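Engineer: File follows, entry-v1.txt with compact mmCIF, C-alpha atoms:
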# COMPACT_ATOMS: atom_id res chain seq x y z
CA MET A 210 153.48 126.09 -135.64
CA ASN A 211 152.97 122.73 -134.03
CA PRO A 212 151.46 120.35 -136.60
CA VAL A 213 149.64 118.32 -133.98
CA PRO A 214 146.09 119.65 -133.55
CA LEU A 215 145.15 121.18 -130.23
CA THR A 216 142.17 118.85 -129.87
CA TRP A 217 144.51 115.87 -129.55
CA TYR A 218 146.19 117.38 -126.54
CA LEU A 219 142.86 118.24 -124.96
CA MET A 220 141.61 114.69 -125.57
CA LEU A 221 144.75 113.23 -124.02
CA SER A 222 144.27 115.53 -121.06
CA ALA A 223 140.63 114.42 -120.71
CA VAL A 224 141.65 110.75 -120.89
CA VAL A 225 144.29 111.14 -118.17
CA PHE A 226 141.83 113.06 -116.00
CA ILE A 227 139.16 110.40 -116.45
CA ILE A 228 141.59 107.60 -115.64
CA GLY A 229 142.32 109.50 -112.44
CA VAL A 230 138.60 109.77 -111.66
CA PHE A 231 138.18 106.07 -112.45
CA GLY A 232 141.05 105.12 -110.16
CA PHE A 233 139.69 107.35 -107.41
CA LEU A 234 136.31 105.67 -107.68
CA ILE A 235 137.32 102.02 -108.00
CA ARG A 236 140.27 101.87 -105.61
CA ARG A 237 139.59 101.77 -101.88
CA ASN A 238 143.20 102.09 -100.79
CA ILE A 239 143.81 105.58 -99.44
CA ILE A 240 147.30 105.91 -100.94
CA MET A 241 145.98 104.78 -104.32
CA MET A 242 143.21 107.37 -104.07
CA PHE A 243 145.82 110.05 -103.43
CA MET A 244 147.80 108.90 -106.44
CA SER A 245 144.65 109.13 -108.55
CA ILE A 246 144.24 112.74 -107.44
CA GLU A 247 147.80 113.42 -108.62
CA LEU A 248 146.90 111.84 -111.95
CA MET A 249 143.92 114.18 -112.29
CA LEU A 250 146.12 117.20 -111.57
CA ASN A 251 148.56 116.06 -114.25
CA GLY A 252 145.75 115.71 -116.77
CA VAL A 253 144.68 119.28 -116.11
CA ASN A 254 148.28 120.47 -116.41
CA ILE A 255 148.56 118.94 -119.88
CA SER A 256 145.54 120.88 -121.08
CA LEU A 257 146.79 124.11 -119.48
CA LEU A 258 150.16 123.81 -121.19
CA ALA A 259 148.65 122.86 -124.55
CA LEU A 260 146.34 125.87 -124.45
CA SER A 261 149.21 128.09 -123.36
CA HIS A 262 151.25 126.94 -126.34
CA TYR A 263 148.49 127.25 -128.92
CA MET A 264 147.22 130.62 -127.66
CA GLN A 265 150.81 131.90 -127.33
CA ASP A 266 150.11 133.10 -123.84
CA MET A 267 152.51 132.61 -120.95
CA ARG A 268 149.90 132.70 -118.21
CA GLY A 269 148.98 129.05 -118.66
CA GLN A 270 152.49 128.04 -117.69
CA VAL A 271 152.36 130.29 -114.62
CA LEU A 272 149.14 128.55 -113.67
CA VAL A 273 150.82 125.14 -114.06
CA PHE A 274 153.57 126.39 -111.78
CA PHE A 275 150.97 127.25 -109.13
CA VAL A 276 149.17 123.94 -109.60
CA ILE A 277 152.37 121.95 -109.07
CA ALA A 278 153.19 123.91 -105.91
CA CYS A 279 149.69 123.43 -104.50
CA ALA A 280 149.84 119.72 -105.37
CA GLY A 281 153.06 119.41 -103.41
CA ALA A 282 151.53 121.16 -100.41
CA GLY A 283 148.40 119.05 -100.64
CA VAL A 284 150.32 115.79 -100.82
CA ALA A 285 152.47 116.73 -97.83
CA VAL A 286 149.53 117.55 -95.59
CA GLY A 287 147.47 114.64 -96.92
CA LEU A 288 150.15 112.09 -96.22
CA ALA A 289 150.64 113.53 -92.72
CA LEU A 290 146.89 113.18 -92.17
CA MET A 291 147.15 109.61 -93.42
CA ILE A 292 149.84 108.80 -90.85
CA ALA A 293 147.75 110.45 -88.10
CA ALA A 294 144.66 108.47 -89.13
CA PHE A 295 146.69 105.27 -89.36
CA ARG A 296 147.74 105.74 -85.75
CA ASN A 297 144.09 105.72 -84.64
CA LYS A 298 142.88 102.99 -86.97
CA PRO A 299 145.63 100.92 -88.54
CA THR A 300 144.08 100.25 -91.94
CA PRO A 301 144.65 101.86 -95.35
CA HIS A 302 141.21 100.83 -96.61
CA MET A 303 138.57 103.50 -96.80
CA ASP A 304 135.76 101.00 -96.20
CA GLU A 305 136.95 100.52 -92.64
CA MET A 306 137.10 104.25 -91.95
CA ASP A 307 133.52 104.39 -90.72
CA ILE A 308 133.93 106.15 -87.38
CA LEU A 309 131.78 109.10 -88.44
CA LYS A 310 128.96 106.82 -89.59
CA GLY A 311 127.73 106.43 -86.01
CA MET B 98 154.43 113.40 -139.80
CA LEU B 99 157.25 112.99 -137.31
CA PRO B 100 155.64 115.28 -134.67
CA LYS B 101 152.43 113.28 -134.92
CA LEU B 102 154.33 110.03 -134.41
CA PHE B 103 156.10 111.60 -131.48
CA PHE B 104 152.81 112.76 -129.96
CA GLY B 105 151.25 109.36 -130.63
CA TYR B 106 154.05 107.60 -128.76
CA PHE B 107 153.71 109.89 -125.78
CA ALA B 108 149.90 109.77 -125.77
CA ALA B 109 149.85 105.96 -125.96
CA MET B 110 152.48 105.61 -123.24
CA ILE B 111 150.75 108.13 -120.95
CA THR B 112 147.38 106.38 -121.34
CA ILE B 113 148.80 102.88 -120.80
CA LEU B 114 150.93 103.96 -117.86
CA SER B 115 148.10 105.77 -116.10
CA LEU B 116 145.91 102.68 -116.51
CA LEU B 117 148.75 100.61 -115.06
CA VAL B 118 149.06 103.02 -112.14
CA VAL B 119 145.42 102.79 -111.10
CA THR B 120 145.11 99.02 -111.53
CA ARG B 121 148.21 97.65 -109.77
CA LYS B 122 147.56 95.66 -106.60
CA ASN B 123 151.02 96.32 -105.24
CA LEU B 124 151.39 99.96 -104.25
CA VAL B 125 155.14 100.12 -104.86
CA HIS B 126 154.63 98.85 -108.40
CA GLY B 127 152.00 101.54 -108.91
CA ILE B 128 154.39 104.22 -107.70
CA MET B 129 157.17 102.97 -109.98
CA TRP B 130 154.85 103.07 -113.00
CA MET B 131 153.85 106.54 -111.90
CA LEU B 132 157.52 107.60 -112.02
CA LEU B 133 157.70 106.51 -115.65
CA LEU B 134 154.39 108.27 -116.30
CA PHE B 135 155.68 111.57 -114.91
CA VAL B 136 158.82 111.34 -117.02
CA HIS B 137 156.68 110.84 -120.12
CA ILE B 138 154.45 113.77 -119.21
CA GLY B 139 157.60 115.85 -118.81
CA GLY B 140 158.63 114.79 -122.32
CA LEU B 141 155.27 115.92 -123.64
CA TYR B 142 155.81 119.30 -121.95
CA LEU B 143 159.12 119.66 -123.79
CA PHE B 144 157.19 119.07 -126.98
CA LEU B 145 154.94 122.02 -126.03
CA ASN B 146 157.93 124.39 -125.70
CA ALA B 147 157.73 124.49 -121.91
CA GLU B 148 161.24 123.56 -120.81
CA PHE B 149 161.00 125.11 -117.38
CA VAL B 150 157.72 123.39 -116.56
CA ALA B 151 159.15 120.09 -117.82
CA ALA B 152 162.09 120.54 -115.46
CA ILE B 153 159.92 121.24 -112.44
CA GLN B 154 157.63 118.37 -113.44
CA ILE B 155 160.60 116.00 -113.20
CA ILE B 156 162.09 117.61 -110.09
CA VAL B 157 158.94 118.17 -108.03
CA TYR B 158 156.70 115.30 -109.12
CA ALA B 159 159.17 112.55 -109.92
CA GLY B 160 161.72 113.73 -107.39
CA ALA B 161 159.80 114.92 -104.35
CA ILE B 162 156.17 113.80 -104.41
CA LEU B 163 156.84 110.20 -105.39
CA VAL B 164 159.51 109.89 -102.72
CA LEU B 165 156.91 111.16 -100.23
CA PHE B 166 154.51 108.46 -101.43
CA LEU B 167 157.20 105.80 -101.16
CA PHE B 168 158.01 106.88 -97.62
CA VAL B 169 154.38 106.64 -96.57
CA VAL B 170 154.10 103.16 -98.09
CA LEU B 171 157.24 102.34 -96.12
CA LEU B 172 155.85 103.75 -92.87
CA LEU B 173 152.37 102.22 -93.12
CA ASN B 174 152.06 98.50 -93.37
CA VAL B 175 149.58 98.15 -96.22
CA LYS B 176 150.29 94.61 -97.26
CA GLU B 177 147.18 92.77 -96.19
CA GLU B 178 144.14 92.55 -98.44
CA PHE B 179 140.82 93.96 -97.30
CA LYS B 180 138.26 91.23 -96.56
CA GLY B 181 135.40 93.07 -94.89
CA ARG B 182 132.17 94.25 -96.42
CA ARG B 183 132.59 96.93 -99.05
CA PHE B 184 130.48 100.08 -98.98
CA ILE B 185 129.78 99.82 -102.72
CA SER B 186 130.56 96.43 -104.17
CA SER B 187 130.18 96.76 -107.93
CA TRP B 188 132.92 98.56 -109.83
CA GLN B 189 130.98 98.59 -113.10
CA GLY B 190 128.68 101.38 -111.95
CA ARG B 191 131.61 103.57 -111.00
CA GLY B 192 133.37 102.78 -114.26
CA PHE B 193 130.20 103.76 -116.08
CA ALA B 194 130.10 107.07 -114.20
CA ALA B 195 133.71 107.81 -115.24
CA ALA B 196 132.94 106.87 -118.87
CA ALA B 197 129.91 109.17 -118.86
CA LEU B 198 132.10 112.01 -117.58
CA LEU B 199 134.63 111.31 -120.37
CA LEU B 200 131.83 111.42 -122.93
CA GLY B 201 130.64 114.74 -121.51
CA ILE B 202 134.12 116.27 -121.71
CA MET B 203 134.62 115.00 -125.27
CA LEU B 204 131.28 116.48 -126.32
CA ALA B 205 132.18 119.78 -124.69
CA LEU B 206 135.52 119.79 -126.55
CA GLN B 207 133.68 119.82 -129.89
CA TYR B 208 132.35 123.28 -129.08
CA ALA B 209 135.63 124.73 -127.84
CA VAL B 210 136.61 128.04 -129.46
CA ILE B 211 140.19 129.23 -129.22
CA ALA B 212 140.67 132.75 -127.90
CA PRO B 213 142.79 135.26 -129.89
CA GLN B 214 146.51 134.60 -129.71
CA GLY B 215 148.73 136.47 -127.29
CA LYS B 216 152.13 138.02 -127.89
CA TYR B 217 154.31 135.15 -126.64
CA SER B 218 155.06 133.53 -129.98
CA ILE B 219 157.81 130.96 -130.38
CA GLU B 220 160.07 133.54 -132.02
CA TYR B 221 159.59 135.92 -129.10
CA ILE B 222 160.36 133.18 -126.58
CA GLN B 223 163.41 132.18 -128.61
CA SER B 224 164.75 135.72 -128.70
CA GLU B 225 164.38 136.03 -124.95
CA THR B 226 164.78 132.70 -123.19
CA HIS B 227 161.91 130.61 -121.92
CA THR B 228 162.77 130.84 -118.23
CA LYS B 229 163.29 134.59 -118.51
CA VAL B 230 159.91 135.10 -120.18
CA LEU B 231 158.18 132.94 -117.58
CA GLY B 232 159.93 134.77 -114.76
CA THR B 233 158.99 138.15 -116.21
CA VAL B 234 155.32 137.20 -116.30
CA LEU B 235 155.47 135.54 -112.89
CA PHE B 236 157.17 138.41 -111.08
CA ASN B 237 155.30 141.24 -112.80
CA GLU B 238 151.72 140.11 -113.22
CA TYR B 239 151.57 137.39 -110.59
CA VAL B 240 153.79 138.61 -107.79
CA PHE B 241 150.98 138.74 -105.21
CA PRO B 242 149.77 135.17 -105.93
CA PHE B 243 153.41 134.14 -105.76
CA MET B 244 153.67 135.55 -102.24
CA ILE B 245 150.45 133.78 -101.25
CA LEU B 246 152.01 130.62 -102.65
CA ALA B 247 154.82 131.01 -100.12
CA LEU B 248 152.21 130.96 -97.36
CA VAL B 249 150.43 128.01 -99.03
CA LEU B 250 153.69 126.07 -98.88
CA PHE B 251 154.57 127.22 -95.37
CA VAL B 252 151.33 126.33 -93.59
CA PRO B 253 151.24 122.66 -94.79
CA MET B 254 154.85 122.30 -93.65
CA ILE B 255 153.82 123.19 -90.09
CA ALA B 256 150.64 121.12 -90.46
CA ALA B 257 152.59 118.06 -91.59
CA VAL B 258 154.90 118.27 -88.60
CA VAL B 259 152.05 118.90 -86.13
CA LEU B 260 149.94 116.08 -87.54
CA ALA B 261 152.63 113.46 -87.90
CA VAL B 262 154.39 114.01 -84.58
CA LYS B 263 153.59 111.47 -81.90
CA ARG B 264 151.88 113.01 -78.89
CA ARG B 265 153.00 111.86 -75.51
CA LYS B 266 150.42 111.11 -72.87
CA ALA B 267 150.14 114.15 -70.59
Take the structure in this file and express it as structure tokens.

Structural biologist:
Amino acid sequence: MNPVPLTWYLMLSAVVFIIGVFGFLIRRNIIMMFMSIELMLNGVNISLLALSHYMQDMRGQVLVFFVIACAGAGVAVGLALMIAAFRNKPTPHMDEMDILKG
Amino acid sequence: MLPKLFFGYFAAMITILSLLVVTRKNLVHGIMWMLLLFVHIGGLYLFLNAEFVAAIQIIVYAGAILVLFLFVVLLLNVKEEFKGRRFISSWQGRGFAAAALLLGIMLALQYAVIAPQGKYSIEYIQSETHTKVLGTVLFNEYVFPFMILALVLFVPMIAAVVLAVKRRKA
């Protein structure tokens, strides 16, 4: 069995997730916010794989497979949206995206 | 002892690299650090006996998604610094919110109880091969979600083309 305790993996996963949350909150650049979302997804993937290994269950890895596919789809459509938004308002900063504020 | 050292190296590198990713001013630098971060996360997956997932981590994340990010940085001119009024000016409050969330997750981890172990032990995975075991589970138990996943990947492809194409004035 793996001599590293499961809690370490879960803590690492929580730390990566929180760094993603932190980056999403402090950065106002839209591309940086997207990258922070990817970081959060990776943090969750670490915990899924660690639990899959320690519970000797394959379904965690299948779930990671689905998460990676959905992340790819989300990034593709998100970056296309970013290009479309950039055409209307040429700024990457979310503080200037205040059209809906009225 | 050696596995703990190994895990410690990967944990320290992953933490430092993710902090580097979210704090870089230059976006391209951030993306390059993120490449290194994904490679390290893939190494950690190998340590968890998940070779196939490590491979798709490298191929999909480091190969495809980061190239997509680089292309968007290339297409959008994001050089100039933002000088207008910020919606929320202090970053300490937001950092405090993230730290409180971390504390909550760590407290919740203390009460985690592991469920009973399944049948996919390391010996079983070794006797079959890892990719074969994963494929057996994926195409027997999860074949319907797998088909939905095809749709989930197909619709954003159309959406990306429709959104990013330049409309001509009618």

Engineer: With only C-alpha atoms as the counted atoms, please give the residues lying no more than 8 Å from Phe107 in chain B, apart from itself and same-chain residues fewer than 2 positions off, as a ChimeraX atom specification.

Structural biologist: /B:103-105,109-111,137-138,140-141

Engineer: Just give me the gap between CA of Leu143 in chain B and CA of Leu215 in chain A in Å, one decimal is fine.

Structural biologist: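 It comes out at 15.5 Å.
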
Engineer: If you measure from CA of Ile245 in chain B to CA of Leu288 in chain A, what distance in Å do you get, rounded to one decimal?

Structural biologist: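 Taking CA of Ile245 in chain B and CA of Leu288 in chain A, their separation equals 22.3 Å.
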
Engineer: Enumerate as an MDAnalysis selection string the residues belonging to chain A that approach chain B to within 8 Å, with all atoms listed in the file taken into account.

Structural biologist: chainID A and resid 211:213 216 219:221 223:225 227:232 234:236 240:241 245 248 255 258:259 262:268 270:271 273:275 277:279 281:286 288:290 292:293 295 300:302 304:305

Engineer: Enter the distance from CA of Leu257 in chain A to CA of Leu272 in chain A, in Å, rounded to one decimal.

Structural biologist: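 Value for the CA of Leu257 in chain A-CA of Leu272 in chain A distance: 7.7 Å.
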
Engineer: Out of B:Val210, B:Ile156, B:Val125, B:Glu148, which residue has the shortest atom-to-atom distance to Leu260 in chain A when counting all atoms listed in the file?

Structural biologist: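 Ranked by minimum distance to Leu260 in chain A, first place goes to B:Val210.
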
Engineer: Got a minute to add all heavy atoms to range 270-281 of chain A and dump it as a tab-separated table (two decimals), in the coordinates of the input?

Structural biologist:
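Wrote out02.tsv, looks like this:
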chain	number	residue	atom	x	y	z
A	270	GLN	N	151.34	128.69	-118.33
A	270	GLN	CA	152.49	128.04	-117.69
A	270	GLN	C	152.65	128.52	-116.25
A	270	GLN	O	153.05	127.74	-115.38
A	270	GLN	CB	153.74	128.30	-118.50
A	270	GLN	CG	153.56	127.82	-119.91
A	270	GLN	CD	154.84	127.73	-120.67
A	270	GLN	OE1	155.91	127.89	-120.09
A	270	GLN	NE2	154.75	127.45	-121.94
A	271	VAL	N	152.33	129.80	-116.01
A	271	VAL	CA	152.36	130.29	-114.62
A	271	VAL	C	151.34	129.53	-113.78
A	271	VAL	O	151.61	129.14	-112.63
A	271	VAL	CB	152.09	131.81	-114.60
A	271	VAL	CG1	152.02	132.32	-113.19
A	271	VAL	CG2	153.16	132.54	-115.35
A	272	LEU	N	150.18	129.29	-114.39
A	272	LEU	CA	149.14	128.55	-113.67
A	272	LEU	C	149.59	127.12	-113.36
A	272	LEU	O	149.34	126.62	-112.26
A	272	LEU	CB	147.88	128.54	-114.53
A	272	LEU	CG	146.55	128.37	-113.83
A	272	LEU	CD1	146.45	129.35	-112.70
A	272	LEU	CD2	145.43	128.59	-114.80
A	273	VAL	N	150.29	126.49	-114.32
A	273	VAL	CA	150.82	125.14	-114.06
A	273	VAL	C	151.82	125.16	-112.91
A	273	VAL	O	151.82	124.27	-112.06
A	273	VAL	CB	151.46	124.57	-115.35
A	273	VAL	CG1	152.19	123.29	-115.06
A	273	VAL	CG2	150.40	124.32	-116.37
A	274	PHE	N	152.63	126.21	-112.88
A	274	PHE	CA	153.57	126.39	-111.78
A	274	PHE	C	152.84	126.40	-110.44
A	274	PHE	O	153.20	125.69	-109.49
A	274	PHE	CB	154.30	127.71	-112.02
A	274	PHE	CG	155.38	128.04	-111.05
A	274	PHE	CD1	156.60	127.42	-111.13
A	274	PHE	CD2	155.15	128.99	-110.08
A	274	PHE	CE1	157.59	127.74	-110.23
A	274	PHE	CE2	156.14	129.31	-109.19
A	274	PHE	CZ	157.37	128.69	-109.26
A	275	PHE	N	151.75	127.18	-110.37
A	275	PHE	CA	150.97	127.25	-109.13
A	275	PHE	C	150.32	125.91	-108.81
A	275	PHE	O	150.27	125.50	-107.65
A	275	PHE	CB	149.90	128.33	-109.24
A	275	PHE	CG	150.44	129.73	-109.16
A	275	PHE	CD1	149.90	130.75	-109.90
A	275	PHE	CD2	151.52	130.00	-108.35
A	275	PHE	CE1	150.40	132.03	-109.83
A	275	PHE	CE2	152.04	131.28	-108.27
A	275	PHE	CZ	151.48	132.29	-109.01
A	276	VAL	N	149.83	125.23	-109.84
A	276	VAL	CA	149.17	123.94	-109.60
A	276	VAL	C	150.14	122.93	-109.02
A	276	VAL	O	149.83	122.20	-108.08
A	276	VAL	CB	148.53	123.40	-110.91
A	276	VAL	CG1	148.12	121.96	-110.75
A	276	VAL	CG2	147.33	124.22	-111.28
A	277	ILE	N	151.38	122.91	-109.57
A	277	ILE	CA	152.37	121.95	-109.07
A	277	ILE	C	152.73	122.27	-107.62
A	277	ILE	O	152.82	121.36	-106.77
A	277	ILE	CB	153.61	121.94	-109.98
A	277	ILE	CG1	153.26	121.31	-111.32
A	277	ILE	CG2	154.75	121.19	-109.35
A	277	ILE	CD1	154.39	121.28	-112.30
A	278	ALA	N	152.87	123.55	-107.30
A	278	ALA	CA	153.19	123.91	-105.91
A	278	ALA	C	152.07	123.51	-104.97
A	278	ALA	O	152.32	122.95	-103.89
A	278	ALA	CB	153.47	125.41	-105.83
A	279	CYS	N	150.82	123.78	-105.37
A	279	CYS	CA	149.69	123.43	-104.50
A	279	CYS	C	149.56	121.91	-104.38
A	279	CYS	O	149.18	121.40	-103.32
A	279	CYS	CB	148.41	124.02	-105.03
A	279	CYS	SG	148.36	125.80	-104.87
A	280	ALA	N	149.89	121.18	-105.45
A	280	ALA	CA	149.84	119.72	-105.37
A	280	ALA	C	150.86	119.21	-104.37
A	280	ALA	O	150.57	118.31	-103.58
A	280	ALA	CB	150.09	119.11	-106.75
A	281	GLY	N	152.05	119.81	-104.39
A	281	GLY	CA	153.06	119.41	-103.41
A	281	GLY	C	152.60	119.66	-101.99
A	281	GLY	O	152.73	118.79	-101.12
